Amino acid sequence: RQLAPGAVHVPGWLDPPRQRQLAAACRDWALGPVPARAAVLPGGARMSVRTVCLGWHWQPYRYSRTADDAGGGRVAELPDWLADLGRAALADAWQDHAAARDYRPDTALINFYQGSARMGMHQDKDERSDQPVVSFSIGDSCLFRFGNPDTRNRPYTDVELASGDVFVFGGPSRFCYHGVPKTIPGTAPDDSGHQAGRINITLRRTGLAD
Ligand code: MD5
Ligand code: FE
């Protein structure tokens, strides 16, 4: 389950009822005050995933409270129950209750992958905190590429992430390159509650103050 120090994969951590609850909540959030959208990178390329944010709004490559790139609305709050779920996942993945107790995510980024959507190799370095990222996968499986802190190229490890899996990235793995080269259509379990591609939820601490 541990791919590198701080990088832990827990297959099937979310039971099917929990997957269905999260999938339905994500589809609701996608219609919220700042609807899910495919972000446009500074160079002009549009991302192939659609993203909706809770707590803080992420735009490449910064966080804001209001979506000044998408209509100017204020994003919905991050619900306590979702932060609590992240804390519980961290406690189980790391078996470190002190780290979990101190985990205070303040934002969730929810990515919707449909069709040929993918995510290129990148680092998550817009946060001003080194608290871990907790990732939940729902729906179709994907190929996840976990790299290294120095280059977007090899060495990397490919792992399949399936519906219900948790992945935690912290410690020395927090700033490793990673990406999603493809999702695998038709692999969503019937009882996952999401048959329209893949959903990924990441919990993070931005380290920003209001
Ligand atoms: C996804 N999302 O499956 C992935 C899972 C993103 C993103 O990459 O930025 O929205 S999150 C994987 C992740 C987060 C932080 C650090 C590392 C991986 N890592 O060090 O490998 O949609
Ligand atoms: Fe990322």
# chains A, B, ... in the order shown; residues from 1 in each chain; ligands from 1

$ residues_near_ligand --ligand "ligand 2" --cutoff "10 Å" --atoms "only C-alpha atoms and all ligand atoms" --output "list in words"
Leu109, Met119, Gly120, Met121, His122, Gln123, Asp124, Lys125, Val133, Ser135, Phe169, Arg174, Phe175, Cys176, Tyr177, His178, Gly179, Val180 and Thr202 of chain A

$ residues_around --residues "Asp158 of chain A" --least-positions-apart "6" --cutoff "8 Å" --atoms "only C-alpha atoms" --output "PDB file with N, CA and C atoms, in the first residue's frame"
ATOM      1  N   LEU A 143      -5.748   4.974 -14.729  1.00  0.00           N
ATOM      2  CA  LEU A 143      -4.323   4.729 -14.573  1.00  0.00           C
ATOM      3  C   LEU A 143      -3.748   5.977 -13.919  1.00  0.00           C
ATOM      4  N   PHE A 144      -3.161   5.824 -12.748  1.00  0.00           N
ATOM      5  CA  PHE A 144      -2.554   6.939 -12.025  1.00  0.00           C
ATOM      6  C   PHE A 144      -1.042   6.778 -12.070  1.00  0.00           C
ATOM      7  N   ARG A 145      -0.363   7.851 -12.421  1.00  0.00           N
ATOM      8  CA  ARG A 145       1.104   7.807 -12.543  1.00  0.00           C
ATOM      9  C   ARG A 145       1.714   8.633 -11.425  1.00  0.00           C
ATOM     10  N   PHE A 146       2.403   7.964 -10.528  1.00  0.00           N
ATOM     11  CA  PHE A 146       3.037   8.612  -9.376  1.00  0.00           C
ATOM     12  C   PHE A 146       4.537   8.730  -9.648  1.00  0.00           C
TER      13      PHE A 146
END

$ select_by_dssp --residues "segment 79-152 of chain A" --states "helix (DSSP H, G or I)" --output "list in words"
Asp80, Trp81, Leu82, Ala83, Asp84, Leu85, Gly86, Arg87, Ala88, Ala89, Leu90, Ala91, Asp92, Ala93, Trp94, His97, Ala98, Ala99, Ala100 and Arg101 of chain A

$ write_last_selection --atoms "N, CA and C atoms" --output "mmCIF file, in the first residue's frame"
data_model
loop_
_atom_site.group_PDB
_atom_site.id
_atom_site.type_symbol
_atom_site.label_atom_id
_atom_site.label_comp_id
_atom_site.auth_asym_id
_atom_site.auth_seq_id
_atom_site.Cartn_x
_atom_site.Cartn_y
_atom_site.Cartn_z
ATOM 1 N N ASP A 80 -18.093 20.184 7.041
ATOM 2 C CA ASP A 80 -17.301 19.517 8.082
ATOM 3 C C ASP A 80 -17.263 18.004 7.875
ATOM 4 N N TRP A 81 -18.371 17.422 7.401
ATOM 5 C CA TRP A 81 -18.391 15.956 7.283
ATOM 6 C C TRP A 81 -17.357 15.485 6.264
ATOM 7 N N LEU A 82 -17.088 16.315 5.241
ATOM 8 C CA LEU A 82 -16.108 15.893 4.232
ATOM 9 C C LEU A 82 -14.678 16.030 4.780
ATOM 10 N N ALA A 83 -14.425 17.106 5.531
ATOM 11 C CA ALA A 83 -13.118 17.236 6.187
ATOM 12 C C ALA A 83 -12.912 16.092 7.189
ATOM 13 N N ASP A 84 -13.981 15.730 7.912
ATOM 14 C CA ASP A 84 -13.889 14.622 8.875
ATOM 15 C C ASP A 84 -13.570 13.302 8.166
ATOM 16 N N LEU A 85 -14.188 13.102 6.994
ATOM 17 C CA LEU A 85 -13.927 11.879 6.236
ATOM 18 C C LEU A 85 -12.451 11.835 5.805
ATOM 19 N N GLY A 86 -11.909 12.985 5.422
ATOM 20 C CA GLY A 86 -10.488 13.059 5.064
ATOM 21 C C GLY A 86 -9.586 12.733 6.243
ATOM 22 N N ARG A 87 -9.961 13.242 7.426
ATOM 23 C CA ARG A 87 -9.179 12.945 8.635
ATOM 24 C C ARG A 87 -9.198 11.460 8.943
ATOM 25 N N ALA A 88 -10.365 10.841 8.796
ATOM 26 C CA ALA A 88 -10.482 9.400 9.065
ATOM 27 C C ALA A 88 -9.658 8.591 8.061
ATOM 28 N N ALA A 89 -9.671 9.018 6.804
ATOM 29 C CA ALA A 89 -8.885 8.314 5.775
ATOM 30 C C ALA A 89 -7.394 8.439 6.067
ATOM 31 N N LEU A 90 -6.991 9.634 6.466
ATOM 32 C CA LEU A 90 -5.568 9.847 6.782
ATOM 33 C C LEU A 90 -5.142 8.981 7.960
ATOM 34 N N ALA A 91 -5.989 8.911 8.987
ATOM 35 C CA ALA A 91 -5.663 8.103 10.164
ATOM 36 C C ALA A 91 -5.463 6.639 9.769
ATOM 37 N N ASP A 92 -6.335 6.118 8.899
ATOM 38 C CA ASP A 92 -6.220 4.720 8.486
ATOM 39 C C ASP A 92 -5.027 4.501 7.557
ATOM 40 N N ALA A 93 -4.808 5.435 6.637
ATOM 41 C CA ALA A 93 -3.735 5.235 5.650
ATOM 42 C C ALA A 93 -2.362 5.292 6.320
ATOM 43 N N TRP A 94 -2.183 6.268 7.186
ATOM 44 C CA TRP A 94 -0.868 6.469 7.803
ATOM 45 C C TRP A 94 -0.720 5.753 9.132
ATOM 46 N N HIS A 97 -2.249 8.771 14.346
ATOM 47 C CA HIS A 97 -3.407 9.500 14.841
ATOM 48 C C HIS A 97 -3.064 10.934 15.201
ATOM 49 N N ALA A 98 -1.804 11.198 15.508
ATOM 50 C CA ALA A 98 -1.411 12.588 15.785
ATOM 51 C C ALA A 98 -1.493 13.413 14.502
ATOM 52 N N ALA A 99 -0.975 12.869 13.412
ATOM 53 C CA ALA A 99 -1.043 13.589 12.129
ATOM 54 C C ALA A 99 -2.494 13.804 11.717
ATOM 55 N N ALA A 100 -3.322 12.786 11.916
ATOM 56 C CA ALA A 100 -4.722 12.902 11.510
ATOM 57 C C ALA A 100 -5.448 13.941 12.354
ATOM 58 N N ARG A 101 -5.142 13.969 13.649
ATOM 59 C CA ARG A 101 -5.815 14.937 14.522
ATOM 60 C C ARG A 101 -5.492 16.360 14.084
#

$ select_by_dssp --residues "chain A" --states "strand (DSSP E)" --output "mmCIF file with C-alpha atoms, in the first residue's frame"
data_model
loop_
_atom_site.group_PDB
_atom_site.id
_atom_site.type_symbol
_atom_site.label_atom_id
_atom_site.label_comp_id
_atom_site.auth_asym_id
_atom_site.auth_seq_id
_atom_site.Cartn_x
_atom_site.Cartn_y
_atom_site.Cartn_z
ATOM 1 C CA GLN A 2 2.932 2.406 0.536
ATOM 2 C CA LEU A 3 4.436 3.515 -2.808
ATOM 3 C CA ALA A 4 6.951 5.916 -1.275
ATOM 4 C CA ALA A 7 2.334 8.032 -0.333
ATOM 5 C CA VAL A 8 -0.184 5.380 0.680
ATOM 6 C CA HIS A 9 -2.880 3.683 -1.418
ATOM 7 C CA VAL A 10 -5.822 2.119 0.426
ATOM 8 C CA ARG A 50 -14.082 19.682 -15.265
ATOM 9 C CA THR A 51 -13.441 20.927 -11.725
ATOM 10 C CA VAL A 52 -15.654 22.286 -8.968
ATOM 11 C CA CYS A 53 -14.149 23.622 -5.755
ATOM 12 C CA LEU A 54 -15.348 23.876 -2.149
ATOM 13 C CA HIS A 57 -11.627 28.315 -5.692
ATOM 14 C CA TRP A 58 -8.650 26.960 -7.592
ATOM 15 C CA GLN A 59 -7.659 28.462 -10.881
ATOM 16 C CA ARG A 62 -3.706 30.150 -7.486
ATOM 17 C CA TYR A 63 -6.560 30.036 -4.982
ATOM 18 C CA SER A 64 -9.217 32.707 -4.404
ATOM 19 C CA THR A 107 -10.574 23.083 0.387
ATOM 20 C CA ALA A 108 -11.744 20.253 -1.841
ATOM 21 C CA LEU A 109 -11.123 20.100 -5.578
ATOM 22 C CA ILE A 110 -13.485 17.750 -7.359
ATOM 23 C CA ASN A 111 -12.459 16.594 -10.828
ATOM 24 C CA PHE A 112 -14.876 15.003 -13.304
ATOM 25 C CA TYR A 113 -13.269 12.824 -15.978
ATOM 26 C CA MET A 119 -4.393 15.004 -16.481
ATOM 27 C CA GLY A 120 -0.805 15.639 -17.482
ATOM 28 C CA MET A 121 2.130 15.253 -15.121
ATOM 29 C CA HIS A 122 2.252 18.145 -12.657
ATOM 30 C CA VAL A 133 -3.516 15.703 0.143
ATOM 31 C CA VAL A 134 -6.219 13.040 0.611
ATOM 32 C CA SER A 135 -7.700 11.737 -2.665
ATOM 33 C CA PHE A 136 -10.949 9.750 -3.114
ATOM 34 C CA SER A 137 -11.799 7.991 -6.408
ATOM 35 C CA ILE A 138 -15.362 7.139 -7.512
ATOM 36 C CA GLY A 139 -16.771 5.615 -10.712
ATOM 37 C CA SER A 141 -10.972 3.258 -12.698
ATOM 38 C CA CYS A 142 -7.982 5.191 -13.970
ATOM 39 C CA LEU A 143 -4.323 4.729 -14.573
ATOM 40 C CA PHE A 144 -2.554 6.939 -12.025
ATOM 41 C CA ARG A 145 1.104 7.807 -12.543
ATOM 42 C CA PHE A 146 3.037 8.612 -9.376
ATOM 43 C CA THR A 157 5.099 4.042 -10.757
ATOM 44 C CA ASP A 158 1.781 3.317 -12.474
ATOM 45 C CA VAL A 159 -1.108 2.198 -10.294
ATOM 46 C CA GLU A 160 -4.750 1.610 -11.092
ATOM 47 C CA LEU A 161 -7.128 3.588 -8.887
ATOM 48 C CA VAL A 166 -8.147 6.417 -1.068
ATOM 49 C CA PHE A 167 -4.702 7.767 -1.818
ATOM 50 C CA VAL A 168 -2.794 9.970 0.615
ATOM 51 C CA PHE A 169 0.143 12.113 -0.466
ATOM 52 C CA HIS A 178 1.816 12.901 -10.810
ATOM 53 C CA GLY A 179 -0.901 12.591 -13.430
ATOM 54 C CA VAL A 180 -3.764 10.551 -14.826
ATOM 55 C CA PRO A 181 -2.796 9.283 -18.326
ATOM 56 C CA LYS A 182 -6.228 7.733 -18.899
ATOM 57 C CA THR A 183 -9.431 6.516 -17.366
ATOM 58 C CA ILE A 184 -10.803 3.070 -18.206
ATOM 59 C CA ARG A 198 -14.578 9.090 -12.986
ATOM 60 C CA ILE A 199 -14.763 11.500 -10.061
ATOM 61 C CA ASN A 200 -11.743 12.418 -7.966
ATOM 62 C CA ILE A 201 -12.048 14.433 -4.758
ATOM 63 C CA THR A 202 -8.891 15.897 -3.238
ATOM 64 C CA LEU A 203 -8.817 17.462 0.212
ATOM 65 C CA ARG A 204 -6.069 19.993 0.843
#

$ closest_residue --among "A:Asp28, A:Asp69, A:Asp190, A:Glu77" --to "Asp106 of chain A" --atoms "only C-alpha atoms"
A:Glu77

$ closest_residue --among "A:Asp140, A:Met47, A:Val75, A:Arg205" --to "Asp191 of chain A" --atoms "only C-alpha atoms"
A:Asp140

$ closest_residue --among "A:Gly193, A:Pro33, A:Pro16, A:Pro5" --to "ligand 1" --atoms "only C-alpha atoms and all ligand atoms"
A:Pro5
